[in-house]
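One structure is given here, and the rest of the page talks about it.
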Amino acid sequence: MLSAIGFAADKPNIIIFLADDLGYADIGVNGCKDIPTPNIDSIASNGVRFTDGYATHCVCSPSRAGLMSGMYPHRFGFEHNSGPERFADPNFGQPREVPTLAEKLKGADYATGMIGKWHIGFKEGLRPHERGFDYHYGFLSGAHTYLSGREDNDPIVRNGDPVKTSKYLTDEFADEAVGFVERSKDKPFFLYFAFNAVHSPMDANPYSERLSGISDRKRRTYGGMLSGLDHAVGRVLEKVREIGEEDNTLIFFYSDNGGPTTQTTSRNDPLRGYKGQFFEGGIRVPFLMQWKAKLKPATVYHNMVMGFDCHATALAAAGVAVSKNNPLDGVDLVPFITDKNAMQPHDRLFWRSGDQHAARLGDWKLVDSRNSQPLLFDLKVDISESKDLATTHPDRLKELQSAFAEWEKGMKPAQWTRQDARTQGVAGNRNGTPAAGGRMQAALKAADKNGDGKLSREEYPQPAVFKDIDKDGDGFATRDEIQVYYAGRRNQEMLKP
């Protein structure tokens, strides 16, 4: 029988740090100057920095489902956030028939722990301690106050039971993560540390005072939230070193989507766009990996990778075979980084959320909102997506559109739309647009008194927003203008958890 030490050496420990709403340029190794992130940066110094690392979605919940499933969440209809738990669609959650990474690693005799934000299932049977995690301390929904002593509709729970917090939440999570590592040191462990930092609310925190050089109050608060996250990462890394397992621990760090700059001051430079969009700023994220026993330090890797690759890499490292019943879209990254495989991990990647989608084939990128003209970019020379090449390269545009259409054939329609107090009980249609839109169209038809197919300010049911809808200023709201306006409203709704 193998000793505990021999067993641990045979199978590496696995840690996945997942930041929430962190911008591409918000860490030092990606160019951040005003907020120090030494502990996060150390993962790149000791391992690999991926310049083209992507989240599987542009908002929190489906991105996390992509990580936990190891595949495009669209394969099982997980395409939208939930909204607050009390209003969530009954279908919301990662289905039981789609196993989580924790369930797979638990089957390989790993100790499994999750700290932080779950956001991929509320119902009994879909919570972390019921999906393969021996231990969970955190919350189930999409956002949470960082301050102790405040009532919250989404309580902090320990294996499903509500508990009271006494510290700044990121610090409390760090305590729990360090405790899990200490308790699990005699066998291989998997720690999924899913931060709610740096997601709003922009709560006061004990780290902002260190950033007196930042004059903007909002940015200083954000910087403190990020400093707290970095400190938590450092505490876990220090504990791993303390128990003598640094070389034998596979570590990932990335963000569930890009930063919502307007809301939090996050920075996605030099990328275009924000959270909730499929421009690079919404999906290309800080992405780091460390495994001292296997990977060279300070490696920079330029080929495309995606969040679900963490899942596949972890399974390969643990020696867990991929089930034929649950094939992965992710791949083991180690052979590619170590030059044992000269190919690219992916030659194409896809994203979809309701009425918008994107595709990347090599350096070419398609962004399509379905309510406007498709956009085409060459990322090799235009990482900021500033020059649309759709009209000058129609064959290339058609190639990407065809590739996306082929990919979409293997995906399920969205099984729910985001619900809140305003939309509760309104079912969604299969492209993620609220069915209430059909009733809206009927109302607009009734409002069109002269039957000319467009509405004047006097005819429009909501005169207060007419100016925003009438983009060309001709005094009429056409159906296309109305669709564009409400598509924009839906994209803003997607920013909410």
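Order determines the names: the first chain of the structure tokens is A, the second B, and so forth; residues in each chain are numbered 1 upward, and ligands are numbered 1 upward as they are shown.
Residues with any atom within 7 Å of region 131-135 of chain A, counting only C-alpha atoms and excluding same-chain neighbours fewer than 3 positions away, are Thr100, Ala102, Glu103, Lys106, Ala111, Thr112, Gly113, Met114, Leu126, Arg127, Pro128 and Asn159 of chain A.
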Do you have, as JSON lines, the list of residues of region 179-280 of chain A lying at most 12 Å from region 44-52 of chain A, each with its nearest atom pair and that distance in Å to one decimal, counting only C-alpha atoms and ordered by chain then number?
{"residue": "A:Leu237", "atom": "CA", "partner": "A:Asn46", "partner_atom": "CA", "distance": 11.7}
{"residue": "A:Glu246", "atom": "CA", "partner": "A:Asn46", "partner_atom": "CA", "distance": 10.5}
{"residue": "A:Asp247", "atom": "CA", "partner": "A:Asn46", "partner_atom": "CA", "distance": 10.2}
{"residue": "A:Thr249", "atom": "CA", "partner": "A:Gly47", "partner_atom": "CA", "distance": 11.5}
{"residue": "A:Leu250", "atom": "CA", "partner": "A:Gly47", "partner_atom": "CA", "distance": 9.9}
{"residue": "A:Ile251", "atom": "CA", "partner": "A:Gly47", "partner_atom": "CA", "distance": 9.1}
{"residue": "A:Phe252", "atom": "CA", "partner": "A:Val48", "partner_atom": "CA", "distance": 9.5}
{"residue": "A:Phe253", "atom": "CA", "partner": "A:Ala44", "partner_atom": "CA", "distance": 9.3}
{"residue": "A:Tyr254", "atom": "CA", "partner": "A:Phe50", "partner_atom": "CA", "distance": 9.8}
{"residue": "A:Leu271", "atom": "CA", "partner": "A:Asp52", "partner_atom": "CA", "distance": 11.5}
{"residue": "A:Glu280", "atom": "CA", "partner": "A:Asp52", "partner_atom": "CA", "distance": 9.7}
Just write the chosen residues, C-alpha atoms, as a compact mmCIF listing (two decimals), in the first residue's frame.
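Printed below is again_6.txt as written:
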# COMPACT_ATOMS: atom_id res chain seq x y z
CA LEU A 237 0.60 29.75 -2.08
CA GLU A 246 4.89 23.62 -4.16
CA ASP A 247 6.64 21.55 -6.85
CA THR A 249 0.93 21.38 -7.19
CA LEU A 250 -0.73 22.32 -10.47
CA ILE A 251 -2.08 25.87 -10.17
CA PHE A 252 -4.34 27.91 -12.46
CA PHE A 253 -5.40 31.51 -12.21
CA TYR A 254 -7.87 33.18 -14.57
CA LEU A 271 -8.69 45.29 -25.79
CA GLU A 280 -11.90 40.74 -26.74
Residues within 8 Å of Arg348 (chain A), only C-alpha atoms, excluding chain neighbours under 3 positions, as a ChimeraX atom specification: /A:359-362
Please save N, CA and C atoms of the selected residues as a PDB file, in the first residue's frame.
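selection10.pdb, written as the output of this step:
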ATOM      1  N   ALA A 359     -16.809  34.081 -33.053  1.00  0.00           N
ATOM      2  CA  ALA A 359     -15.986  32.933 -33.435  1.00  0.00           C
ATOM      3  C   ALA A 359     -14.575  33.430 -33.704  1.00  0.00           C
ATOM      4  N   ARG A 360     -13.599  32.637 -33.304  1.00  0.00           N
ATOM      5  CA  ARG A 360     -12.209  32.937 -33.651  1.00  0.00           C
ATOM      6  C   ARG A 360     -11.612  31.715 -34.345  1.00  0.00           C
ATOM      7  N   LEU A 361     -11.127  31.906 -35.554  1.00  0.00           N
ATOM      8  CA  LEU A 361     -10.402  30.893 -36.315  1.00  0.00           C
ATOM      9  C   LEU A 361      -9.009  31.438 -36.584  1.00  0.00           C
ATOM     10  N   GLY A 362      -8.020  30.853 -35.954  1.00  0.00           N
ATOM     11  CA  GLY A 362      -6.681  31.406 -36.081  1.00  0.00           C
ATOM     12  C   GLY A 362      -6.657  32.826 -35.555  1.00  0.00           C
TER      13      GLY A 362
END
Using only C-alpha atoms, what table do you get, as CSV, when you list each residue of region 268-366 of chain A with an atom no more than 7 Å from region 62-68 of chain A, its nearest pair of atoms, and their distance in Å rounded to one decimal, rows by chain then rising number?
residue,atom,partner,partner_atom,distance
A:Gly307,CA,A:Leu67,CA,5.6
A:Phe308,CA,A:Leu67,CA,4.7
A:His311,CA,A:Leu67,CA,6.1
I need the residues from that last selection saved to file as a PDB file, in the first residue's frame (with C-alpha atoms), if you can.
ATOM      1  CA  GLY A 307     -11.205  28.030 -19.314  1.00  0.00           C
ATOM      2  CA  PHE A 308     -12.389  24.493 -19.978  1.00  0.00           C
ATOM      3  CA  HIS A 311     -10.598  20.972 -16.424  1.00  0.00           C
TER       4      HIS A 311
END
